[in-house]
Each structure stands twice: as structure tokens, then as C-alpha cells.
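Undergrad: Structure file input28.cif (mmCIF, C-alpha atoms, pLDDT in the B column; chains and numbers go by the auth columns) right here:
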```cif
data_my_file
#
loop_
_atom_site.group_PDB
_atom_site.id
_atom_site.type_symbol
_atom_site.label_atom_id
_atom_site.label_comp_id
_atom_site.label_asym_id
_atom_site.label_seq_id
_atom_site.Cartn_x
_atom_site.Cartn_y
_atom_site.Cartn_z
_atom_site.B_iso_or_equiv
_atom_site.auth_seq_id
_atom_site.auth_asym_id
ATOM 1 C CA MET A 1 0.000 0.000 0.000 75.00 20 A
ATOM 2 C CA SER A 2 1.262 3.460 -0.893 91.00 21 A
ATOM 3 C CA GLU A 3 1.545 6.391 1.466 95.00 22 A
ATOM 4 C CA LEU A 4 -1.514 8.656 1.342 96.00 23 A
ATOM 5 C CA LEU A 5 -1.229 10.981 4.328 97.00 24 A
ATOM 6 C CA ARG A 6 1.743 11.986 6.459 97.00 25 A
ATOM 7 C CA LEU A 7 2.083 14.350 9.394 98.00 26 A
ATOM 8 C CA ALA A 8 5.666 15.315 10.222 97.00 27 A
ATOM 9 C CA HIS A 9 6.310 16.787 13.692 97.00 28 A
ATOM 10 C CA TYR A 10 3.038 18.665 13.487 98.00 29 A
ATOM 11 C CA GLY A 11 1.878 21.074 16.169 98.00 30 A
ATOM 12 C CA PHE A 12 -0.991 23.501 16.574 98.00 31 A
ATOM 13 C CA THR A 13 -1.752 26.240 19.108 98.00 32 A
ATOM 14 C CA TYR A 14 -5.009 28.159 19.400 97.00 33 A
ATOM 15 C CA PRO A 15 -4.851 31.983 19.585 96.00 34 A
ATOM 16 C CA GLN A 16 -4.096 33.445 23.017 90.00 35 A
ATOM 17 C CA ARG A 17 -3.190 30.062 24.480 93.00 36 A
ATOM 18 C CA ARG A 18 0.233 29.042 25.650 91.00 37 A
ATOM 19 C CA GLN A 19 -0.388 25.312 25.783 94.00 38 A
ATOM 20 C CA PRO A 20 -0.339 23.699 22.327 96.00 39 A
ATOM 21 C CA ALA A 21 -3.454 21.762 21.378 97.00 40 A
ATOM 22 C CA LEU A 22 -1.208 19.435 19.359 98.00 41 A
ATOM 23 C CA SER A 23 2.483 18.816 19.804 97.00 42 A
ATOM 24 C CA ASP A 24 5.006 16.854 17.701 97.00 43 A
ATOM 25 C CA VAL A 25 2.445 14.605 16.022 98.00 44 A
ATOM 26 C CA SER A 26 4.049 12.343 13.424 98.00 45 A
ATOM 27 C CA LEU A 27 2.243 9.549 11.604 96.00 46 A
ATOM 28 C CA THR A 28 2.018 7.952 8.169 97.00 47 A
ATOM 29 C CA ILE A 29 -1.257 6.547 6.851 97.00 48 A
ATOM 30 C CA ARG A 30 -1.331 4.299 3.804 96.00 49 A
ATOM 31 C CA SER A 31 -4.057 3.853 1.224 95.00 50 A
ATOM 32 C CA GLY A 32 -6.912 1.630 2.396 93.00 51 A
ATOM 33 C CA GLU A 33 -5.966 1.672 6.085 95.00 52 A
ATOM 34 C CA PHE A 34 -8.412 2.214 8.931 93.00 53 A
ATOM 35 C CA TRP A 35 -7.187 4.478 11.744 95.00 54 A
ATOM 36 C CA VAL A 36 -8.913 5.419 14.990 94.00 55 A
ATOM 37 C CA LEU A 37 -8.265 8.347 17.330 94.00 56 A
ATOM 38 C CA CYS A 38 -9.267 8.045 20.956 91.00 57 A
ATOM 39 C CA GLY A 39 -8.488 9.653 24.285 91.00 58 A
ATOM 40 C CA ALA A 40 -10.121 11.783 26.960 89.00 59 A
ATOM 41 C CA SER A 41 -12.281 14.780 26.105 88.00 60 A
ATOM 42 C CA GLY A 42 -10.143 17.787 25.195 91.00 61 A
ATOM 43 C CA CYS A 43 -7.070 15.748 24.291 94.00 62 A
ATOM 44 C CA GLY A 44 -6.917 17.113 20.724 95.00 63 A
ATOM 45 C CA LYS A 45 -8.787 14.520 18.637 95.00 64 A
ATOM 46 C CA THR A 46 -11.091 16.903 16.775 93.00 65 A
ATOM 47 C CA THR A 47 -8.343 19.514 16.472 96.00 66 A
ATOM 48 C CA LEU A 48 -6.124 16.933 14.803 97.00 67 A
ATOM 49 C CA LEU A 49 -8.785 15.753 12.351 95.00 68 A
ATOM 50 C CA ARG A 50 -9.664 19.296 11.327 94.00 69 A
ATOM 51 C CA GLN A 51 -6.060 19.930 10.332 96.00 70 A
ATOM 52 C CA LEU A 52 -6.683 17.395 7.543 95.00 71 A
ATOM 53 C CA LYS A 53 -9.388 19.566 5.927 92.00 72 A
ATOM 54 C CA PRO A 54 -8.034 23.110 5.414 89.00 73 A
ATOM 55 C CA ALA A 55 -11.534 24.554 4.951 88.00 74 A
ATOM 56 C CA LEU A 56 -12.425 23.375 8.480 89.00 75 A
ATOM 57 C CA ARG A 57 -9.098 24.163 10.152 92.00 76 A
ATOM 58 C CA PRO A 58 -9.519 26.472 13.152 93.00 77 A
ATOM 59 C CA HIS A 59 -7.552 29.683 13.525 95.00 78 A
ATOM 60 C CA GLY A 60 -4.202 29.283 15.196 96.00 79 A
ATOM 61 C CA ALA A 61 -0.479 28.790 14.697 96.00 80 A
ATOM 62 C CA SER A 62 0.816 25.549 13.223 96.00 81 A
ATOM 63 C CA GLU A 63 4.242 24.000 12.832 96.00 82 A
ATOM 64 C CA GLY A 64 5.500 20.977 10.974 97.00 83 A
ATOM 65 C CA GLU A 65 4.056 19.633 7.734 96.00 84 A
ATOM 66 C CA ILE A 66 1.096 17.647 6.411 97.00 85 A
ATOM 67 C CA TRP A 67 1.572 15.768 3.141 97.00 86 A
ATOM 68 C CA PHE A 68 -1.248 14.332 1.044 96.00 87 A
ATOM 69 C CA ASP A 69 -0.455 11.880 -1.742 94.00 88 A
ATOM 70 C CA GLY A 70 3.071 13.219 -2.134 93.00 89 A
ATOM 71 C CA ARG A 71 2.170 16.925 -1.995 95.00 90 A
ATOM 72 C CA LEU A 72 1.959 19.432 0.810 96.00 91 A
ATOM 73 C CA LEU A 73 -1.689 19.617 1.830 95.00 92 A
ATOM 74 C CA SER A 74 -1.519 23.405 1.637 92.00 93 A
ATOM 75 C CA GLN A 75 -0.659 23.164 -2.063 93.00 94 A
ATOM 76 C CA LEU A 76 -3.925 21.455 -2.996 93.00 95 A
ATOM 77 C CA SER A 77 -6.492 23.712 -4.616 93.00 96 A
ATOM 78 C CA GLU A 78 -9.882 24.189 -2.957 90.00 97 A
ATOM 79 C CA ARG A 79 -11.432 21.897 -5.553 91.00 98 A
ATOM 80 C CA GLU A 80 -8.815 19.203 -4.931 92.00 99 A
ATOM 81 C CA GLN A 81 -9.351 19.433 -1.184 91.00 100 A
ATOM 82 C CA ALA A 82 -13.111 19.141 -1.637 90.00 101 A
ATOM 83 C CA SER A 83 -12.904 16.167 -3.980 91.00 102 A
ATOM 84 C CA GLU A 84 -9.988 14.267 -2.419 93.00 103 A
ATOM 85 C CA ILE A 85 -10.845 14.507 1.290 94.00 104 A
ATOM 86 C CA GLY A 86 -14.305 13.425 2.420 92.00 105 A
ATOM 87 C CA PHE A 87 -15.145 14.850 5.844 92.00 106 A
ATOM 88 C CA VAL A 88 -18.204 14.044 7.964 90.00 107 A
ATOM 89 C CA LEU A 89 -18.901 16.256 10.968 87.00 108 A
ATOM 90 C CA GLN A 90 -20.179 15.060 14.322 79.00 109 A
ATOM 91 C CA SER A 91 -23.696 16.390 13.736 76.00 110 A
ATOM 92 C CA PRO A 92 -25.342 15.807 10.342 72.00 111 A
ATOM 93 C CA GLU A 93 -27.301 19.009 10.916 76.00 112 A
ATOM 94 C CA GLU A 94 -24.046 20.920 10.390 76.00 113 A
ATOM 95 C CA GLN A 95 -23.712 19.547 6.860 76.00 114 A
ATOM 96 C CA THR A 96 -27.301 19.336 5.636 81.00 115 A
ATOM 97 C CA VAL A 97 -27.782 21.890 2.859 82.00 116 A
ATOM 98 C CA THR A 98 -30.813 20.770 0.812 86.00 117 A
ATOM 99 C CA ASP A 99 -34.350 19.496 1.372 87.00 118 A
ATOM 100 C CA LYS A 100 -34.569 16.160 -0.475 92.00 119 A
ATOM 101 C CA VAL A 101 -32.358 13.101 -0.009 93.00 120 A
ATOM 102 C CA TRP A 102 -31.481 12.774 -3.710 92.00 121 A
ATOM 103 C CA HIS A 103 -30.339 16.411 -3.852 92.00 122 A
ATOM 104 C CA GLU A 104 -28.333 16.023 -0.671 92.00 123 A
ATOM 105 C CA LEU A 105 -26.447 13.137 -2.259 93.00 124 A
ATOM 106 C CA ALA A 106 -25.885 15.097 -5.458 94.00 125 A
ATOM 107 C CA PHE A 107 -24.954 18.433 -3.902 91.00 126 A
ATOM 108 C CA GLY A 108 -21.216 17.845 -3.524 90.00 127 A
ATOM 109 C CA LEU A 109 -20.911 16.574 -7.082 93.00 128 A
ATOM 110 C CA GLU A 110 -22.855 19.549 -8.406 93.00 129 A
ATOM 111 C CA SER A 111 -20.551 21.901 -6.519 91.00 130 A
ATOM 112 C CA LEU A 112 -17.536 20.247 -8.143 91.00 131 A
ATOM 113 C CA GLY A 113 -19.028 20.733 -11.604 91.00 132 A
ATOM 114 C CA TYR A 114 -19.761 17.127 -12.593 93.00 133 A
ATOM 115 C CA ASP A 115 -22.120 16.688 -15.521 94.00 134 A
ATOM 116 C CA THR A 116 -25.636 15.334 -15.013 95.00 135 A
ATOM 117 C CA PRO A 117 -24.989 11.747 -16.245 95.00 136 A
ATOM 118 C CA ALA A 118 -21.985 11.387 -13.898 95.00 137 A
ATOM 119 C CA ILE A 119 -23.982 12.784 -10.976 95.00 138 A
ATOM 120 C CA ARG A 120 -26.879 10.411 -11.589 94.00 139 A
ATOM 121 C CA ARG A 121 -24.547 7.435 -11.894 95.00 140 A
ATOM 122 C CA ARG A 122 -22.626 8.166 -8.706 93.00 141 A
ATOM 123 C CA VAL A 123 -25.734 8.971 -6.690 94.00 142 A
ATOM 124 C CA ALA A 124 -27.304 5.703 -7.845 93.00 143 A
ATOM 125 C CA GLU A 125 -24.139 3.782 -6.913 91.00 144 A
ATOM 126 C CA MET A 126 -24.044 5.227 -3.397 89.00 145 A
ATOM 127 C CA ALA A 127 -27.768 4.784 -2.858 90.00 146 A
ATOM 128 C CA SER A 128 -27.462 1.130 -3.833 90.00 147 A
ATOM 129 C CA PHE A 129 -24.371 0.591 -1.673 85.00 148 A
ATOM 130 C CA PHE A 130 -26.055 2.099 1.398 84.00 149 A
ATOM 131 C CA GLY A 131 -29.463 0.564 0.630 86.00 150 A
ATOM 132 C CA ILE A 132 -31.256 3.910 0.590 88.00 151 A
ATOM 133 C CA GLU A 133 -32.798 3.969 -2.895 89.00 152 A
ATOM 134 C CA SER A 134 -36.284 4.205 -1.395 92.00 153 A
ATOM 135 C CA TRP A 135 -35.330 7.415 0.439 92.00 154 A
ATOM 136 C CA PHE A 136 -34.694 9.486 -2.709 90.00 155 A
ATOM 137 C CA HIS A 137 -37.790 11.681 -2.485 90.00 156 A
ATOM 138 C CA ARG A 138 -38.012 11.892 1.269 93.00 157 A
ATOM 139 C CA ASP A 139 -37.445 15.174 3.084 93.00 158 A
ATOM 140 C CA VAL A 140 -34.112 15.173 4.897 91.00 159 A
ATOM 141 C CA ALA A 141 -35.790 16.850 7.880 90.00 160 A
ATOM 142 C CA GLU A 142 -37.979 13.757 8.356 91.00 161 A
ATOM 143 C CA LEU A 143 -35.033 11.365 8.732 90.00 162 A
ATOM 144 C CA SER A 144 -33.680 10.124 12.039 86.00 163 A
ATOM 145 C CA GLY A 145 -30.224 11.132 13.240 81.00 164 A
ATOM 146 C CA GLY A 146 -28.748 7.832 12.119 80.00 165 A
ATOM 147 C CA GLN A 147 -30.369 8.092 8.692 85.00 166 A
ATOM 148 C CA LYS A 148 -29.068 11.644 8.255 87.00 167 A
ATOM 149 C CA GLN A 149 -25.572 10.518 9.181 83.00 168 A
ATOM 150 C CA ARG A 150 -25.804 7.696 6.657 85.00 169 A
ATOM 151 C CA ILE A 151 -26.701 10.303 4.019 89.00 170 A
ATOM 152 C CA SER A 152 -23.733 12.456 5.074 88.00 171 A
ATOM 153 C CA ILE A 153 -21.327 9.541 4.653 86.00 172 A
ATOM 154 C CA ALA A 154 -22.877 8.510 1.323 88.00 173 A
ATOM 155 C CA ARG A 155 -22.604 12.086 0.043 90.00 174 A
ATOM 156 C CA ALA A 156 -18.928 12.238 0.990 89.00 175 A
ATOM 157 C CA LEU A 157 -18.226 8.906 -0.697 88.00 176 A
ATOM 158 C CA ALA A 158 -20.115 9.845 -3.872 90.00 177 A
ATOM 159 C CA LYS A 159 -17.120 12.025 -4.741 90.00 178 A
ATOM 160 C CA HIS A 160 -14.948 8.886 -4.728 88.00 179 A
ATOM 161 C CA SER A 161 -12.595 10.574 -2.283 90.00 180 A
ATOM 162 C CA PRO A 162 -9.600 8.365 -1.442 92.00 181 A
ATOM 163 C CA ILE A 163 -9.871 9.322 2.234 94.00 182 A
ATOM 164 C CA LEU A 164 -12.861 9.615 4.559 93.00 183 A
ATOM 165 C CA VAL A 165 -12.565 11.464 7.876 94.00 184 A
ATOM 166 C CA LEU A 166 -15.275 11.081 10.517 90.00 185 A
ATOM 167 C CA ASP A 167 -15.097 13.674 13.276 87.00 186 A
ATOM 168 C CA ASP A 168 -16.847 11.872 16.124 75.00 187 A
ATOM 169 C CA SER A 169 -19.653 11.203 13.662 66.00 188 A
ATOM 170 C CA THR A 170 -21.217 8.171 15.359 65.00 189 A
ATOM 171 C CA SER A 171 -20.940 8.935 19.088 61.00 190 A
ATOM 172 C CA ALA A 172 -24.476 10.348 19.334 59.00 191 A
ATOM 173 C CA LEU A 173 -26.083 7.407 17.542 64.00 192 A
ATOM 174 C CA ASP A 174 -27.699 4.442 19.191 68.00 193 A
ATOM 175 C CA MET A 175 -25.594 1.306 19.320 71.00 194 A
ATOM 176 C CA GLU A 176 -27.496 -0.551 16.594 72.00 195 A
ATOM 177 C CA THR A 177 -27.277 2.335 14.117 69.00 196 A
ATOM 178 C CA GLU A 178 -23.596 2.846 14.839 71.00 197 A
ATOM 179 C CA HIS A 179 -22.996 -0.853 14.238 73.00 198 A
ATOM 180 C CA GLU A 180 -24.775 -0.680 10.882 73.00 199 A
ATOM 181 C CA ILE A 181 -22.701 2.322 9.798 73.00 200 A
ATOM 182 C CA GLN A 182 -19.528 0.636 10.992 76.00 201 A
ATOM 183 C CA GLN A 183 -20.362 -2.465 8.956 75.00 202 A
ATOM 184 C CA THR A 184 -20.772 -0.227 5.909 74.00 203 A
ATOM 185 C CA LEU A 185 -17.435 1.470 6.553 76.00 204 A
ATOM 186 C CA ASN A 186 -15.708 -1.893 6.948 76.00 205 A
ATOM 187 C CA ALA A 187 -16.898 -2.822 3.461 76.00 206 A
ATOM 188 C CA LEU A 188 -15.050 0.169 1.969 77.00 207 A
ATOM 189 C CA ARG A 189 -11.826 -1.719 1.374 78.00 208 A
ATOM 190 C CA ASP A 190 -10.208 0.831 -0.960 84.00 209 A
ATOM 191 C CA THR A 191 -11.074 3.921 1.071 90.00 210 A
ATOM 192 C CA THR A 192 -8.723 5.181 3.763 95.00 211 A
ATOM 193 C CA LYS A 193 -10.706 5.906 6.934 93.00 212 A
ATOM 194 C CA ILE A 194 -9.756 8.019 9.955 95.00 213 A
ATOM 195 C CA ILE A 195 -12.330 8.283 12.714 91.00 214 A
ATOM 196 C CA ILE A 196 -12.855 9.269 16.315 89.00 215 A
ATOM 197 C CA ALA A 197 -14.457 6.296 18.050 78.00 216 A
ATOM 198 C CA HIS A 198 -15.962 5.703 21.478 71.00 217 A
ATOM 199 C CA ARG A 199 -17.143 2.111 21.358 68.00 218 A
ATOM 200 C CA ILE A 200 -14.913 -0.916 21.185 64.00 219 A
ATOM 201 C CA SER A 201 -16.911 -2.327 18.266 59.00 220 A
ATOM 202 C CA ALA A 202 -15.431 0.468 16.138 66.00 221 A
ATOM 203 C CA VAL A 203 -11.934 0.332 17.621 77.00 222 A
ATOM 204 C CA ARG A 204 -11.031 -3.327 17.673 79.00 223 A
ATOM 205 C CA HIS A 205 -10.724 -3.781 13.876 82.00 224 A
ATOM 206 C CA ALA A 206 -8.554 -0.707 13.277 90.00 225 A
ATOM 207 C CA ASP A 207 -5.170 -1.071 11.586 94.00 226 A
ATOM 208 C CA GLU A 208 -3.830 1.539 14.003 96.00 227 A
ATOM 209 C CA ILE A 209 -5.212 3.205 17.125 96.00 228 A
ATOM 210 C CA ILE A 210 -3.787 6.543 18.240 96.00 229 A
ATOM 211 C CA TYR A 211 -4.356 7.397 21.896 95.00 230 A
ATOM 212 C CA LEU A 212 -3.925 11.125 22.431 96.00 231 A
ATOM 213 C CA ALA A 213 -3.159 12.785 25.759 96.00 232 A
ATOM 214 C CA ASP A 214 -2.589 16.533 26.115 95.00 233 A
ATOM 215 C CA GLY A 215 -2.222 16.909 22.362 97.00 234 A
ATOM 216 C CA LYS A 216 0.502 14.280 22.028 97.00 235 A
ATOM 217 C CA ILE A 217 0.540 10.687 20.841 98.00 236 A
ATOM 218 C CA ALA A 218 0.715 8.805 24.118 97.00 237 A
ATOM 219 C CA GLU A 219 0.221 5.309 22.709 97.00 238 A
ATOM 220 C CA ARG A 220 -0.311 3.676 19.334 97.00 239 A
ATOM 221 C CA GLY A 221 -0.943 0.181 18.047 96.00 240 A
ATOM 222 C CA THR A 222 -3.763 -2.284 17.449 95.00 241 A
ATOM 223 C CA HIS A 223 -6.452 -2.948 20.037 92.00 242 A
ATOM 224 C CA GLU A 224 -4.738 -6.142 21.172 94.00 243 A
ATOM 225 C CA GLU A 225 -1.291 -4.519 21.296 96.00 244 A
ATOM 226 C CA LEU A 226 -2.506 -1.605 23.395 94.00 245 A
ATOM 227 C CA LEU A 227 -4.339 -3.846 25.848 93.00 246 A
ATOM 228 C CA ALA A 228 -1.164 -5.905 26.226 96.00 247 A
ATOM 229 C CA LYS A 229 0.842 -2.774 27.085 95.00 248 A
ATOM 230 C CA LYS A 230 -1.491 -2.076 30.025 95.00 249 A
ATOM 231 C CA GLY A 231 -1.032 1.676 29.686 95.00 250 A
ATOM 232 C CA LEU A 232 -3.506 4.536 29.209 93.00 251 A
ATOM 233 C CA TYR A 233 -5.635 2.716 26.653 91.00 252 A
ATOM 234 C CA TYR A 234 -5.837 -0.341 28.891 91.00 253 A
ATOM 235 C CA ASP A 235 -6.757 1.832 31.901 89.00 254 A
ATOM 236 C CA THR A 236 -9.536 3.537 29.942 85.00 255 A
ATOM 237 C CA TYR A 237 -10.835 0.205 28.691 85.00 256 A
ATOM 238 C CA MET A 238 -10.861 -1.330 32.157 85.00 257 A
ATOM 239 C CA ALA A 239 -12.389 1.751 33.798 80.00 258 A
ATOM 240 C CA GLN A 240 -15.389 1.479 31.491 71.00 259 A
ATOM 241 C CA TYR A 241 -15.624 -2.300 31.229 72.00 260 A
ATOM 242 C CA GLY A 242 -14.229 -3.574 34.505 67.00 261 A
ATOM 243 C CA ALA A 243 -15.085 -7.161 35.350 47.00 262 A
ATOM 244 C CA LEU A 244 -17.843 -7.130 32.705 53.00 263 A
ATOM 245 C CA ALA A 245 -15.242 -7.049 29.946 54.00 264 A
ATOM 246 C CA MET A 246 -13.588 -10.137 31.325 52.00 265 A
ATOM 247 C CA SER A 247 -16.690 -12.167 32.102 49.00 266 A
ATOM 248 C CA SER A 248 -19.721 -11.340 29.967 50.00 267 A
ATOM 249 C CA ALA A 249 -18.403 -10.957 26.420 49.00 268 A
ATOM 250 C CA PRO A 250 -18.500 -14.065 24.218 46.00 269 A
ATOM 251 C CA ALA A 251 -15.138 -15.473 23.287 46.00 270 A
ATOM 252 C CA GLY A 252 -13.443 -13.255 20.720 46.00 271 A
ATOM 253 C CA GLU A 253 -16.192 -10.618 20.862 44.00 272 A
ATOM 254 C CA PRO A 254 -16.346 -7.338 22.780 45.00 273 A
ATOM 255 C CA SER A 255 -19.069 -6.260 25.133 42.00 274 A
ATOM 256 C CA PRO A 256 -21.178 -3.467 23.600 37.00 275 A
ATOM 257 C CA ALA A 257 -20.241 -0.862 26.204 40.00 276 A
ATOM 258 C CA ALA A 258 -18.482 2.382 25.389 44.00 277 A
ATOM 259 C CA CYS A 259 -14.709 2.274 25.210 50.00 278 A
ATOM 260 C CA CYS A 260 -12.737 5.421 24.470 54.00 279 A
#
```
How does this structure look as C-alpha cells?

TA:
Amino acid sequence: MSELLRLAHYGFTYPQRRQPALSDVSLTIRSGEFWVLCGASGCGKTTLLRQLKPALRPHGASEGEIWFDGRLLSQLSEREQASEIGFVLQSPEEQTVTDKVWHELAFGLESLGYDTPAIRRRVAEMASFFGIESWFHRDVAELSGGQKQRISIARALAKHSPILVLDDSTSALDMETEHEIQQTLNALRDTTKIIIAHRISAVRHADEIIYLADGKIAERGTHEELLAKKGLYYDTYMAQYGALAMSSAPAGEPSPAACC
């Protein structure tokens, strides 16, 4: 797999704050990999993800470099950033821009100037993949939170972006809906995925888990590797699972409780 995204000694500080929100973050993500960010509230997870989408980057001072597909991220045009990096916010309400489901799916493609046949083809592909063909003429406002989030992810993927970033996009969903969305994401073998996750069902299959603490990478590895280290990730896992994690989960399967 080829390198798709690289952060080199990256740091970020918000205006009028002395303490950096991110400090000396270095990582390399390859095409098709699935990465998860976790850690306590305020540790820098959302700040880090928003550095990957210049249009969403907060004001502040940065240091270090971010490379995307062999180029500095800052050198990508606005159109390239929009088409190459799919980004789904925590609340679908923040990204809903039209009234009907079919138009919501088509909106990003229209903004990028795709012709009508290409838009229809890609919208049909995503609707089929997500099983939402029957929703086409429904009002977005009538959908549940989970359904709206499914639309947000489908819209991002309709652009065929090589990378999909989910900024805590499933934490407010019920467990069943989150599981369904996670199953859909797992089927996207060729798409690189970076997400903030809170439940172990989303974490345990990641190629790499980054545990942030005070804006720094405190631990990294797979779910099994981090549990074996018995560090911060292990402590968080045990604090939320306790004896239940050791006794009630079927062999090889996690309990459905929240994790990180």
C-alpha cells in the first residue's frame, strides 16, 4: 500500500493560548488503512482531524508539515481538497444543505461541476451501496439522526474521495445504528478511513489506534497490542468495562459498552 497521508512533527496552538493543542504529532497513513483516534475529552482529537481539511481548520499557529499523496496539503487547490478529502462532521445538521435526499447526495458533485450523467450514476451507486434507494424523495428533515448521518457519509463517498474522515460522527447514535454504519465502513476496502471512536466495536478492527493525551501521541498500536501494554488505553478500557469485559463478552467478541 502506498503512502496517502503523512504528518511530520506537526503542532498547533489556538490563539491566546500558551499550551499547544497538538504537539510533535508524526504519523504515516497508507491507502486503504483504517485508523482510529481516541483519548479523553479535550485531548486534541477533533483539532487533529480538522487539520486534515483546510476549509475546516480552526484559527491558530501551526508548525510541521502535512503531506497528502506526495504533496503538501496546503498546495492542494480548494477543488482538490473538496474532492480528495471526504469529511463528515459530528452532527449531520451541520452539513445538511438541501431538502430532499437525492439532492443532498448530489450536492457535492454539483458543486464540483460534474455533468448530469456522472452525478446520476454516482448517486445511484451510493444509494445502492447504502441501501437507501427508497429514500430518494423523502425530506431530509424527516429522517432520524442515524439516517441523516448515513446520508452524510454517502454524500462524501459519492465524490470517490480516497480518504474519509469522521469527526466523532457516530458517538451520538444508538448502538445498533452505529454498528450498521460501521459495517458499511468496513466494506469500503479501498477507502482510507480516519475516525474518532468511542465504542470498542469500532476500535477493535482498526489497523492503528492513536491514543492522544494533552495533544501528544501517548500510545499507538492495534487494540490487542494496546491492551497488552497495560497503559492509558488499557486503563480507559478497564475503567469502562471492569469485570464485565472479562466475564460477559463471548469469546473473541467485545461487550457493547463504550470504550474510548

Undergrad: Please list as a VMD selection string every residue within 12 Å of region 134-143 of chain A, counting only C-alpha atoms and excluding residues in the same chain fewer than 4 positions away.

TA: chain A and resid 120 to 130 147 to 155 170 173 to 179

Undergrad: Write out as a ChimeraX atom specification which residues come within 8 Å of Pro77 (chain A) when counting all atoms listed in the file, dropping same-chain ones fewer than 4 positions away.

TA: /A:33,66,69-70

Undergrad: If you count only C-alpha atoms, which residues fall within 10 Å of region 100-116 of chain A, apart from same-chain ones fewer than 3 positions away, as number ranges by chain?

TA: A: 65, 68-69, 71-75, 87-88, 92-97, 119-120, 122-123, 126-128, 130-131, 159-160, 164-191, 211-215

Undergrad: Report as JSON, numbers by chain all protein, DNA and RNA residues lying within 9 Å of Asp209 (chain A), evaluated on only C-alpha atoms, omitting residues in the same chain fewer than 4 positions from it.

TA: {"A": [50, 51, 52, 181]}

Undergrad: What does the file look like for those residues with C-alpha atoms, as a PDB file, keeping the file's coordinate frame?

TA:
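Saved to selection-v7.pdb:
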```pdb
ATOM      1  CA  SER A  50      -4.057   3.853   1.224  1.00 95.00           C
ATOM      2  CA  GLY A  51      -6.912   1.630   2.396  1.00 93.00           C
ATOM      3  CA  GLU A  52      -5.966   1.672   6.085  1.00 95.00           C
ATOM      4  CA  PRO A 181      -9.600   8.365  -1.442  1.00 92.00           C
TER       5      PRO A 181
END
```

Undergrad: List the residues selected by the PyMOL selection byres ((chain A and resi 61) around 10) in the file shown, writing them as a PyMOL selection string.

TA: chain A and resi 40+58-60+62-66+231-234

Undergrad: Any idea what the distance is between CA of Leu91 (chain A) and CA of Met20 (chain A)?

TA: 19.5 Å

Undergrad: Output the residue selection produced by the PyMOL selection byres ((chain A and resi 224-226) around 9) on the file above, formatted as a ChimeraX atom specification.

TA: /A:52-55,205,219-223,227-228,240-242

Undergrad: Just to confirm, what's the straight-line distance from CA of Gly79 (chain A) to CA of Ile48 (chain A) in Å (one decimal)?

TA: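 Distance reported for this atom pair: 24.4 Å.
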
Undergrad: Within 8 Å of region 250-252 of chain A, counting only C-alpha atoms, which residues show up once you throw out same-chain ones fewer than 5 positions away? Write them as an MDAnalysis selection string, please.

TA: chainID A and resid 58 230 237:238 245 279

Undergrad: From the list A:Leu56, A:Ala146, A:Leu46, A:Met194, which residue is nearest Ile85 (chain A) when using all atoms listed in the file?

TA: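 That would be A:Leu46, the residue with the smallest distance to Ile85 (chain A).
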
Undergrad: Which distance in Å separates CA of Thr32 (chain A) and CA of Glu82 (chain A), to one decimal?

TA: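 Interatomic distance, CA of Thr32 (chain A) to CA of Glu82 (chain A): 9.0 Å.
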
Undergrad: Out of A:Leu41, A:Thr47, A:Gly83, A:Leu207, which residue has the shortest atom-to-atom distance to Met145 (chain A) when counting only C-alpha atoms?

TA: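 That would be A:Leu207, the residue with the smallest distance to Met145 (chain A).
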
Undergrad: Closest to Pro34 (chain A) among A:Gln202, A:Ser81, A:Thr117, A:Ser163, using only C-alpha atoms?

TA: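 Closest candidate: A:Ser81.
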
Undergrad: Which is closest to Thr255 (chain A) among A:Cys57, A:Val44, A:Leu67, A:Leu162, if we use only C-alpha atoms?

TA: A:Cys57

Undergrad: With N, CA and C atoms as the goal, would you fill in the gaps in region 101-112 of chain A and present it as a compact mmCIF listing (two decimals), in the coordinates of the input?

TA:
```
# COMPACT_ATOMS: atom_id res chain seq x y z
N ALA A 101 -11.71 19.54 -1.74
CA ALA A 101 -13.11 19.14 -1.64
C ALA A 101 -13.35 17.75 -2.21
N SER A 102 -12.66 17.45 -3.32
CA SER A 102 -12.90 16.17 -3.98
C SER A 102 -12.09 15.02 -3.39
N GLU A 103 -10.90 15.32 -2.88
CA GLU A 103 -9.99 14.27 -2.42
C GLU A 103 -10.19 13.87 -0.96
N ILE A 104 -10.73 14.77 -0.15
CA ILE A 104 -10.84 14.51 1.29
C ILE A 104 -12.30 14.60 1.71
N GLY A 105 -12.94 13.44 1.92
CA GLY A 105 -14.30 13.42 2.42
C GLY A 105 -14.30 13.62 3.92
N PHE A 106 -15.14 14.52 4.41
CA PHE A 106 -15.14 14.85 5.84
C PHE A 106 -16.59 14.87 6.33
N VAL A 107 -16.86 14.10 7.39
CA VAL A 107 -18.20 14.04 7.96
C VAL A 107 -18.14 14.58 9.39
N LEU A 108 -18.91 15.62 9.66
CA LEU A 108 -18.90 16.26 10.97
C LEU A 108 -19.68 15.44 11.99
N GLN A 109 -19.53 15.80 13.25
CA GLN A 109 -20.18 15.06 14.32
C GLN A 109 -21.70 15.09 14.18
N SER A 110 -22.25 16.26 13.88
CA SER A 110 -23.70 16.39 13.74
C SER A 110 -24.06 16.53 12.27
N PRO A 111 -24.94 15.67 11.75
CA PRO A 111 -25.34 15.81 10.34
C PRO A 111 -26.05 17.13 10.06
N GLU A 112 -26.62 17.73 11.11
CA GLU A 112 -27.30 19.01 10.92
C GLU A 112 -26.32 20.08 10.44
```
